[in-house]
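Printed here is final_21.tsv (TSV, C-alpha atoms and all ligand atoms):
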chain	number	residue	atom	x	y	z
I	292	MET	CA	-73.12	-27.81	-28.41
I	293	ALA	CA	-70.41	-30.37	-29.04
I	294	GLY	CA	-70.00	-32.02	-32.46
I	295	THR	CA	-71.39	-35.47	-33.26
I	296	PRO	CA	-69.54	-38.03	-31.14
I	297	ILE	CA	-67.63	-40.82	-32.89
I	298	PRO	CA	-69.87	-43.91	-32.79
I	299	LEU	CA	-69.05	-46.82	-30.52
I	300	ILE	CA	-69.97	-50.39	-31.40
I	301	ALA	CA	-69.61	-52.59	-28.34
I	302	GLY	CA	-70.10	-56.36	-28.38
I	303	ASN	CA	-71.41	-58.06	-25.25
I	304	TRP	CA	-70.52	-61.72	-25.41
I	305	LYS	CA	-72.34	-62.45	-22.15
I	306	MET	CA	-71.67	-65.98	-20.78
I	307	ASN	CA	-70.55	-67.34	-24.15
I	308	MET	CA	-67.22	-68.39	-25.65
I	309	VAL	CA	-64.74	-70.78	-24.15
I	310	HIS	CA	-61.10	-70.11	-24.90
I	311	SER	CA	-60.55	-71.40	-28.45
I	312	LYS	CA	-63.88	-70.11	-29.76
I	313	GLY	CA	-63.38	-66.70	-28.18
I	314	MET	CA	-59.86	-66.30	-29.51
I	315	GLY	CA	-61.09	-67.33	-32.97
I	316	LEU	CA	-63.95	-64.81	-32.87
I	317	ALA	CA	-61.65	-62.00	-31.70
I	318	THR	CA	-59.15	-62.88	-34.44
I	319	GLY	CA	-61.88	-62.75	-37.08
I	320	ILE	CA	-63.09	-59.35	-35.85
I	321	ALA	CA	-59.55	-57.92	-35.64
I	322	GLU	CA	-58.63	-59.14	-39.13
I	323	GLY	CA	-61.88	-57.88	-40.57
I	324	LEU	CA	-61.34	-54.47	-39.03
I	325	ASP	CA	-57.99	-53.98	-40.74
I	326	PRO	CA	-59.39	-52.98	-44.14
I	327	ILE	CA	-61.97	-50.77	-42.40
I	328	GLY	CA	-58.89	-48.76	-41.48
I	329	MET	CA	-59.53	-45.16	-40.76
I	330	ILE	CA	-63.34	-45.12	-40.54
I	331	PRO	CA	-64.01	-43.19	-37.32
I	332	VAL	CA	-65.74	-45.75	-35.16
I	333	ASP	CA	-64.66	-47.03	-31.77
I	334	VAL	CA	-64.97	-50.76	-31.20
I	335	ALA	CA	-65.14	-52.70	-27.94
I	336	ILE	CA	-65.74	-56.33	-27.15
I	337	CYS	CA	-66.79	-57.47	-23.69
I	338	PRO	CA	-65.90	-61.16	-23.36
I	339	PRO	CA	-66.47	-63.27	-20.27
I	340	LEU	CA	-63.95	-62.51	-17.56
I	341	THR	CA	-62.04	-65.72	-18.22
I	342	LEU	CA	-60.88	-64.29	-21.55
I	343	ALA	CA	-60.46	-60.62	-20.65
I	344	ALA	CA	-56.76	-60.59	-19.74
I	345	GLU	CA	-55.65	-62.72	-22.68
I	346	LEU	CA	-57.78	-60.79	-25.14
I	347	GLY	CA	-56.56	-57.51	-23.64
I	348	ALA	CA	-52.99	-58.51	-24.48
I	349	PHE	CA	-53.90	-60.08	-27.83
I	350	LEU	CA	-55.82	-57.01	-29.02
I	351	ALA	CA	-53.53	-54.39	-27.48
I	352	ALA	CA	-52.05	-53.47	-30.85
I	353	THR	CA	-55.46	-53.14	-32.52
I	354	ARG	CA	-58.16	-50.50	-32.24
I	355	ILE	CA	-60.40	-52.88	-30.31
I	356	VAL	CA	-60.84	-52.11	-26.62
I	357	VAL	CA	-61.55	-55.07	-24.36
I	358	GLY	CA	-64.34	-54.47	-21.88
I	359	ALA	CA	-65.88	-56.28	-18.91
I	360	GLN	CA	-69.53	-57.05	-18.30
I	361	ASP	CA	-69.69	-56.13	-14.61
I	362	CYS	CA	-67.51	-55.27	-11.59
I	363	SER	CA	-67.70	-54.90	-7.85
I	364	PRO	CA	-68.41	-51.45	-6.44
I	365	LEU	CA	-65.78	-52.18	-3.77
I	366	GLU	CA	-62.03	-51.70	-3.96
I	367	GLU	CA	-60.76	-54.96	-2.43
I	368	GLY	CA	-61.16	-57.33	0.47
I	369	ALA	CA	-63.17	-60.33	1.60
I	370	HIS	CA	-65.79	-60.48	-1.17
I	371	THR	CA	-65.65	-64.00	-2.54
I	372	GLY	CA	-66.29	-64.24	-6.25
I	373	ASP	CA	-66.19	-60.51	-6.88
I	374	VAL	CA	-63.73	-58.67	-9.10
I	375	SER	CA	-62.85	-55.02	-8.56
I	376	ALA	CA	-62.66	-52.38	-11.26
I	377	ASN	CA	-58.99	-51.94	-10.48
I	378	MET	CA	-58.35	-55.66	-11.11
I	379	LEU	CA	-60.06	-55.31	-14.48
I	380	LYS	CA	-57.95	-52.31	-15.38
I	381	ASN	CA	-54.87	-54.21	-14.29
I	382	ALA	CA	-55.85	-57.08	-16.60
I	383	GLY	CA	-55.93	-54.77	-19.63
I	384	VAL	CA	-59.64	-53.94	-19.63
I	385	GLY	CA	-60.59	-50.47	-20.90
I	386	CYS	CA	-64.32	-50.24	-20.26
I	387	CYS	CA	-66.95	-51.95	-18.17
I	388	ILE	CA	-70.69	-52.45	-18.63
I	389	VAL	CA	-72.69	-51.74	-15.47
I	390	GLY	CA	-76.41	-52.11	-14.82
I	391	HIS	CA	-77.14	-54.48	-17.69
I	392	SER	CA	-80.79	-55.55	-17.40
I	393	GLU	CA	-79.73	-59.19	-17.00
I	394	ARG	CA	-77.77	-58.21	-13.88
I	395	ARG	CA	-80.58	-55.99	-12.66
I	396	ALA	CA	-82.97	-58.95	-13.06
I	397	ASP	CA	-80.72	-61.90	-12.10
I	398	HIS	CA	-78.94	-60.21	-9.19
I	399	GLY	CA	-81.44	-57.59	-8.03
I	400	GLU	CA	-79.11	-54.71	-8.90
I	401	ASP	CA	-80.75	-51.31	-8.37
I	402	ASP	CA	-79.78	-47.80	-9.44
I	403	ILE	CA	-77.85	-47.13	-6.21
I	404	LEU	CA	-75.65	-50.18	-6.75
I	405	VAL	CA	-75.23	-49.43	-10.46
I	406	ASN	CA	-74.18	-45.88	-9.58
I	407	ALA	CA	-71.60	-47.22	-7.11
I	408	LYS	CA	-70.24	-49.63	-9.72
I	409	ALA	CA	-70.03	-46.84	-12.29
I	410	ARG	CA	-68.12	-44.68	-9.79
I	411	ALA	CA	-65.72	-47.56	-9.15
I	412	VAL	CA	-65.10	-47.86	-12.90
I	413	LEU	CA	-64.55	-44.12	-13.35
I	414	ALA	CA	-62.15	-44.00	-10.41
I	415	THR	CA	-59.79	-46.33	-12.29
I	416	GLY	CA	-59.81	-44.20	-15.43
I	417	MET	CA	-61.82	-46.79	-17.39
I	418	THR	CA	-65.03	-45.99	-19.27
I	419	ALA	CA	-68.38	-47.01	-17.78
I	420	ILE	CA	-71.13	-48.21	-20.14
I	421	ILE	CA	-74.24	-47.66	-18.04
I	422	CYS	CA	-77.36	-49.56	-19.16
I	423	ILE	CA	-80.93	-48.40	-18.69
I	424	GLY	CA	-84.22	-49.46	-20.26
I	425	GLU	CA	-87.85	-50.30	-19.60
I	426	THR	CA	-89.55	-53.69	-19.41
I	427	GLU	CA	-92.34	-54.66	-21.77
I	428	SER	CA	-95.03	-54.07	-19.15
I	429	GLN	CA	-93.59	-50.64	-18.39
I	430	ARG	CA	-93.67	-49.75	-22.09
I	431	ASP	CA	-97.22	-51.07	-22.43
I	432	ALA	CA	-98.24	-48.94	-19.45
I	433	GLY	CA	-96.76	-45.84	-21.11
I	434	GLU	CA	-94.03	-45.54	-18.48
I	435	THR	CA	-90.96	-45.72	-20.73
I	436	ILE	CA	-89.86	-42.10	-20.38
I	437	ASP	CA	-90.49	-42.06	-16.60
I	438	VAL	CA	-88.53	-45.30	-16.10
I	439	VAL	CA	-85.60	-44.18	-18.22
I	440	THR	CA	-85.55	-40.75	-16.54
I	441	LYS	CA	-85.42	-42.33	-13.08
I	442	GLN	CA	-82.77	-44.89	-14.03
I	443	LEU	CA	-80.60	-42.25	-15.68
I	444	ALA	CA	-80.79	-39.95	-12.64
I	445	GLY	CA	-80.05	-42.79	-10.23
I	446	SER	CA	-77.46	-44.79	-12.14
I	447	VAL	CA	-75.23	-42.10	-13.62
I	448	PRO	CA	-72.76	-40.62	-11.13
I	449	ASP	CA	-71.93	-36.92	-10.87
I	450	GLU	CA	-68.39	-37.71	-12.05
I	451	ALA	CA	-69.65	-38.60	-15.56
I	452	LEU	CA	-67.87	-36.89	-18.46
I	453	ASN	CA	-68.17	-37.42	-22.19
I	454	THR	CA	-64.70	-39.01	-22.08
I	455	ASN	CA	-65.47	-41.61	-19.41
I	456	THR	CA	-69.17	-42.46	-19.65
I	457	VAL	CA	-71.42	-44.07	-22.24
I	458	ILE	CA	-75.16	-44.64	-21.80
I	459	ALA	CA	-76.76	-47.71	-23.35
I	460	TYR	CA	-80.52	-47.51	-23.82
I	461	GLU	CA	-81.64	-51.12	-23.95
I	462	PRO	CA	-85.37	-51.85	-23.79
I	463	VAL	CA	-85.46	-55.07	-21.79
I	464	TRP	CA	-88.12	-56.57	-24.06
I	465	ALA	CA	-85.89	-56.08	-27.09
I	466	ILE	CA	-82.86	-57.89	-25.69
I	467	GLY	CA	-82.31	-61.24	-27.39
I	468	THR	CA	-85.89	-61.34	-28.69
I	469	GLY	CA	-85.53	-60.15	-32.28
I	470	LYS	CA	-88.01	-57.36	-31.45
I	471	THR	CA	-86.99	-53.71	-31.63
I	472	PRO	CA	-88.78	-50.43	-31.05
I	473	THR	CA	-89.59	-48.42	-34.18
I	474	LEU	CA	-87.00	-45.89	-35.28
I	475	GLU	CA	-89.35	-43.13	-34.06
I	476	GLU	CA	-89.59	-44.77	-30.63
I	477	ILE	CA	-85.81	-45.11	-30.41
I	478	GLY	CA	-85.44	-41.46	-31.45
I	479	GLU	CA	-87.92	-40.32	-28.83
I	480	VAL	CA	-86.13	-42.07	-25.95
I	481	HIS	CA	-82.65	-41.08	-27.13
I	482	GLY	CA	-83.81	-37.48	-27.52
I	483	LYS	CA	-85.11	-37.48	-23.96
I	484	ILE	CA	-81.87	-39.02	-22.65
I	485	ARG	CA	-79.85	-36.40	-24.53
I	486	ALA	CA	-81.96	-33.57	-23.05
I	487	LEU	CA	-81.57	-34.97	-19.53
I	488	LEU	CA	-77.82	-35.40	-19.94
I	489	TYR	CA	-77.48	-31.87	-21.30
I	490	ASP	CA	-79.50	-30.42	-18.39
I	491	ARG	CA	-77.32	-32.20	-15.87
I	492	PHE	CA	-73.86	-32.22	-17.45
I	493	ASP	CA	-73.94	-29.26	-19.82
I	494	TYR	CA	-71.23	-29.54	-22.51
I	495	ASP	CA	-70.35	-33.11	-21.49
I	496	GLY	CA	-74.02	-34.07	-21.57
I	497	ALA	CA	-74.20	-32.96	-25.18
I	498	ALA	CA	-71.38	-35.31	-26.11
I	499	ILE	CA	-71.82	-38.38	-23.88
I	500	ARG	CA	-72.47	-41.24	-26.27
I	501	ILE	CA	-75.89	-42.87	-26.13
I	502	LEU	CA	-75.88	-46.40	-27.57
I	503	TYR	CA	-78.99	-48.28	-28.58
I	504	GLY	CA	-79.07	-51.96	-27.59
I	505	GLY	CA	-81.64	-54.70	-28.15
I	506	SER	CA	-81.65	-57.09	-31.13
I	507	VAL	CA	-79.33	-54.95	-33.27
I	508	ASN	CA	-78.21	-57.08	-36.22
I	509	ALA	CA	-76.60	-56.84	-39.64
I	510	ASP	CA	-79.96	-56.03	-41.25
I	511	ASN	CA	-81.31	-53.29	-38.97
I	512	ALA	CA	-78.09	-51.57	-37.83
I	513	HIS	CA	-77.85	-49.22	-40.82
I	514	ASP	CA	-81.17	-47.54	-40.03
I	515	ILE	CA	-80.88	-47.60	-36.24
I	516	LEU	CA	-77.42	-46.02	-36.36
I	517	ARG	CA	-78.82	-43.05	-38.31
I	518	VAL	CA	-81.47	-42.15	-35.75
I	519	GLU	CA	-80.71	-38.78	-34.15
I	520	ASN	CA	-78.83	-39.12	-30.85
I	521	VAL	CA	-77.96	-42.77	-31.49
I	522	ASN	CA	-74.18	-42.78	-31.15
I	523	GLY	CA	-73.53	-46.46	-31.63
I	524	ALA	CA	-74.83	-49.80	-30.45
I	525	LEU	CA	-74.43	-52.35	-27.69
I	526	VAL	CA	-74.72	-55.67	-29.48
I	527	GLY	CA	-75.36	-59.04	-27.85
I	528	GLY	CA	-76.21	-61.99	-30.09
I	529	ALA	CA	-74.89	-60.50	-33.33
I	530	SER	CA	-71.50	-59.82	-31.73
I	531	LEU	CA	-70.93	-63.59	-31.58
I	532	ASP	CA	-70.69	-63.70	-35.37
I	533	SER	CA	-67.69	-61.84	-36.75
I	534	GLU	CA	-69.30	-61.14	-40.14
I	535	ALA	CA	-72.46	-59.71	-38.57
I	536	PHE	CA	-70.48	-57.64	-36.06
I	537	LEU	CA	-68.18	-56.28	-38.78
I	538	LYS	CA	-71.18	-55.38	-40.95
I	539	ILE	CA	-72.68	-53.40	-38.03
I	540	ILE	CA	-69.35	-51.57	-37.63
I	541	ARG	CA	-69.25	-50.80	-41.37
I	542	ASP	CA	-72.83	-49.51	-41.20
I	543	CYS	CA	-71.86	-46.63	-38.90
I	544	PRO	CA	-72.61	-43.28	-40.54
I	545	ALA	CA	-69.74	-41.27	-41.95
I	546	PRO	CA	-68.89	-38.16	-39.93
I	547	PRO	CA	-70.37	-34.85	-41.09
I	548	ILE	CA	-68.20	-32.89	-43.52
I	549	PRO	CA	-66.43	-30.15	-41.54
I	550	GLY	CA	-68.13	-26.79	-41.96
I	551	SER	CA	-71.31	-28.32	-43.40
N	601	LIG	C1	-77.46	-56.99	-24.78
N	601	LIG	O1	-77.57	-57.98	-24.07
N	601	LIG	O2	-76.85	-55.99	-24.36
N	601	LIG	C2	-78.07	-57.03	-26.09
N	601	LIG	C3	-78.27	-55.91	-26.70
N	601	LIG	O3	-78.38	-58.27	-26.59
N	601	LIG	P1	-79.00	-58.60	-28.06
N	601	LIG	O4	-78.25	-57.75	-29.05
N	601	LIG	O5	-78.78	-60.04	-28.24
N	601	LIG	O6	-80.45	-58.21	-28.00
This entry written out as structure tokens:
Amino acid sequence: MAGTPIPLIAGNWKMNMVHSKGMGLATGIAEGLDPIGMIPVDVAICPPLTLAAELGAFLAATRIVVGAQDCSPLEEGAHTGDVSANMLKNAGVGCCIVGHSERRADHGEDDILVNAKARAVLATGMTAIICIGETESQRDAGETIDVVTKQLAGSVPDEALNTNTVIAYEPVWAIGTGKTPTLEEIGEVHGKIRALLYDRFDYDGAAIRILYGGSVNADNAHDILRVENVNGALVGGASLDSEAFLKIIRDCPAPPIPGS
């Protein structure tokens, strides 16, 4: 089995932040990260597309990777309003969220489309952050594991490697609500995802990062980030506050001592 992956804390700004506010927030995060120095944690922020290129250039000298929140599955052509993965890469973007539940709900995106978008991202050499998660009624009906199993199988392409793919388990009912599953419930779903990834991708499946997302904040991150098979967090609301986001980054567990 591979060693524990370095955690990733990714901020999803969603449709928030006009130019001056976004640049101010990114500056605050970058400055706050400086003293955090060598702590092994990867950091990404996914601003709205209008800020991606400028932030990509602005943060190029820092450890922060700029991500996108969505992309087209297609390469180019007559697709008004769409942006290809290659255009994102060209603008300085390093990773791209696909299959976020808000896109699945607002735009009817299904696993086949999410898989195609993930393949488009991987083809550029960027990292795909692939989101899966059950609705509240699915959880209440005891269908969580079945839903997550099906979404994982359908949304994750065969090309996935531990170096190019991240899974984000985001219970839909926990997003933006202040509600979270218990630590045991998070551990159960992450354990299942890990087993499924290992079955399908062998060594890579053991090391693909599995983020938890859904109302992660400065108060609950410490405990959530220590649940087995939680390799970081996808953070929405709390990523809009530099102090809260930096606290979540600082709360990442230290790596195991070699040989222990
Ligand atoms: C998200 O939208 O990916 C998310 C996790 O949002 P929040 O942290 O606000 O629940």
Can you pull out every residue within 7 Å of segment 422-432 of chain I, counting only C-alpha atoms, but drop anything in the same chain fewer than 2 positions away, and send it as a PDB file with C-alpha atoms, in the frame of the given file?
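What follows is the written file selection14.pdb:
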ATOM      1  CA  VAL I 389     -72.690 -51.740 -15.470  1.00  0.00           C
ATOM      2  CA  GLY I 390     -76.410 -52.110 -14.820  1.00  0.00           C
ATOM      3  CA  HIS I 391     -77.140 -54.480 -17.690  1.00  0.00           C
ATOM      4  CA  ILE I 420     -71.130 -48.210 -20.140  1.00  0.00           C
ATOM      5  CA  GLU I 434     -94.030 -45.540 -18.480  1.00  0.00           C
ATOM      6  CA  THR I 435     -90.960 -45.720 -20.730  1.00  0.00           C
ATOM      7  CA  VAL I 438     -88.530 -45.300 -16.100  1.00  0.00           C
ATOM      8  CA  VAL I 439     -85.600 -44.180 -18.220  1.00  0.00           C
ATOM      9  CA  GLN I 442     -82.770 -44.890 -14.030  1.00  0.00           C
ATOM     10  CA  LEU I 443     -80.600 -42.250 -15.680  1.00  0.00           C
ATOM     11  CA  ILE I 458     -75.160 -44.640 -21.800  1.00  0.00           C
ATOM     12  CA  ALA I 459     -76.760 -47.710 -23.350  1.00  0.00           C
ATOM     13  CA  TYR I 460     -80.520 -47.510 -23.820  1.00  0.00           C
ATOM     14  CA  GLU I 461     -81.640 -51.120 -23.950  1.00  0.00           C
ATOM     15  CA  PRO I 462     -85.370 -51.850 -23.790  1.00  0.00           C
ATOM     16  CA  VAL I 463     -85.460 -55.070 -21.790  1.00  0.00           C
ATOM     17  CA  TRP I 464     -88.120 -56.570 -24.060  1.00  0.00           C
TER      18      TRP I 464
END
Within 8 Å of ligand LIG 601 (chain N), counting only C-alpha atoms and all ligand atoms: which residues, as a ChimeraX atom specification?
-> /I:302-303,305,391-393,461,465-469,503-508,524-530
With C-alpha atoms kept, could you save the residues just selected as a CSV table (one decimal), keeping the file's coordinate frame?
chain,number,residue,atom,x,y,z
I,302,GLY,CA,-70.1,-56.4,-28.4
I,303,ASN,CA,-71.4,-58.1,-25.2
I,305,LYS,CA,-72.3,-62.4,-22.2
I,391,HIS,CA,-77.1,-54.5,-17.7
I,392,SER,CA,-80.8,-55.6,-17.4
I,393,GLU,CA,-79.7,-59.2,-17.0
I,461,GLU,CA,-81.6,-51.1,-24.0
I,465,ALA,CA,-85.9,-56.1,-27.1
I,466,ILE,CA,-82.9,-57.9,-25.7
I,467,GLY,CA,-82.3,-61.2,-27.4
I,468,THR,CA,-85.9,-61.3,-28.7
I,469,GLY,CA,-85.5,-60.2,-32.3
I,503,TYR,CA,-79.0,-48.3,-28.6
I,504,GLY,CA,-79.1,-52.0,-27.6
I,505,GLY,CA,-81.6,-54.7,-28.2
I,506,SER,CA,-81.6,-57.1,-31.1
I,507,VAL,CA,-79.3,-55.0,-33.3
I,508,ASN,CA,-78.2,-57.1,-36.2
I,524,ALA,CA,-74.8,-49.8,-30.4
I,525,LEU,CA,-74.4,-52.4,-27.7
I,526,VAL,CA,-74.7,-55.7,-29.5
I,527,GLY,CA,-75.4,-59.0,-27.8
I,528,GLY,CA,-76.2,-62.0,-30.1
I,529,ALA,CA,-74.9,-60.5,-33.3
I,530,SER,CA,-71.5,-59.8,-31.7
One-decimal distance in Å that lies between atom CA of Ile320 of chain I and atom CA of Gln360 of chain I =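 Taking atom CA of Gln360 of chain I and atom CA of Ile320 of chain I, their separation equals 18.8 Å.
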Record the distance separating atom CA of Thr473 of chain I and atom CA of Ile540 of chain I, expressed in Å with one decimal.
->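 Distance between the two atoms: 20.8 Å.
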Between I:Gly482, I:Asp361, I:Glu475, I:Trp304, which has the minimum distance to Arg394 of chain I (counting only C-alpha atoms)?
-> I:Asp361
Selected residue of minimal separation from Gly478 of chain I among I:Asn522, I:Gly445, I:Ala509, I:Ala497, counting only C-alpha atoms | I:Asn522
Distance query Gly347 of chain I at most 8 Å, all atoms listed in the file, self and fewer than 6 positions along chain excluded, as an mmCIF file with C-alpha atoms, keeping the file's coordinate frame:
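File produced: result_37.cif:
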data_model
loop_
_atom_site.group_PDB
_atom_site.id
_atom_site.type_symbol
_atom_site.label_atom_id
_atom_site.label_comp_id
_atom_site.auth_asym_id
_atom_site.auth_seq_id
_atom_site.Cartn_x
_atom_site.Cartn_y
_atom_site.Cartn_z
ATOM 1 C CA VAL I 356 -60.840 -52.110 -26.620
ATOM 2 C CA VAL I 357 -61.550 -55.070 -24.360
ATOM 3 C CA ALA I 382 -55.850 -57.080 -16.600
ATOM 4 C CA GLY I 383 -55.930 -54.770 -19.630
ATOM 5 C CA VAL I 384 -59.640 -53.940 -19.630
#
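If you measure from each of I:Asp495, I:Glu345, I:Asp510, I:Glu366 to Phe536 of chain I using all atoms listed in the file, the closest one turns out to be I:Asp510.
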Report as CSV the residues of segment 295-372 of chain I within 8 Å of segment 401-414 of chain I, each with its shortest atom pair and distance in Å (one decimal), using all atoms listed in the file, ordered by chain and increasing residue number.
residue,atom,partner,partner_atom,distance
I:Cys362,CA,I:Lys408,CA,6.5
I:Ser363,CA,I:Lys408,CA,6.1
I:Pro364,CA,I:Lys408,CA,4.2
I:Leu365,CA,I:Ala411,CA,7.1
I:Glu366,CA,I:Ala411,CA,7.6
Between atom CA of Leu324 of chain I and atom CA of Ser533 of chain I, distance in Å (one decimal) | 10.0 Å
Residue contacts of Val518 of chain I (8 Å, all atoms listed in the file) excluding same-chain residues fewer than 2 positions away, as a list of chain:residue names = I:Leu474, I:Ile477, I:Gly478, I:Asp514, I:Ile515, I:Leu516, I:Asn520, I:Val521
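Distances from I:Gly368, I:Gly496, I:Pro544, I:Gly399 to His513 of chain I were compared using only C-alpha atoms, and the smallest one belongs to I:Pro544.
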Where's the centre, and what are the edge lengths in Å to one decimal, of a box along x, y and z enclosing all listed atoms of segment 373-376 of chain I padded 8 Å per side, as JSON?
{"center_x": -64.4, "center_y": -56.4, "center_z": -9.1, "size_x": 19.5, "size_y": 24.1, "size_z": 20.4}
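The closest residue to Cys386 of chain I, picked from I:Arg354, I:Ala301, I:Thr318, I:Ser446 and counting only C-alpha atoms, is I:Ala301.
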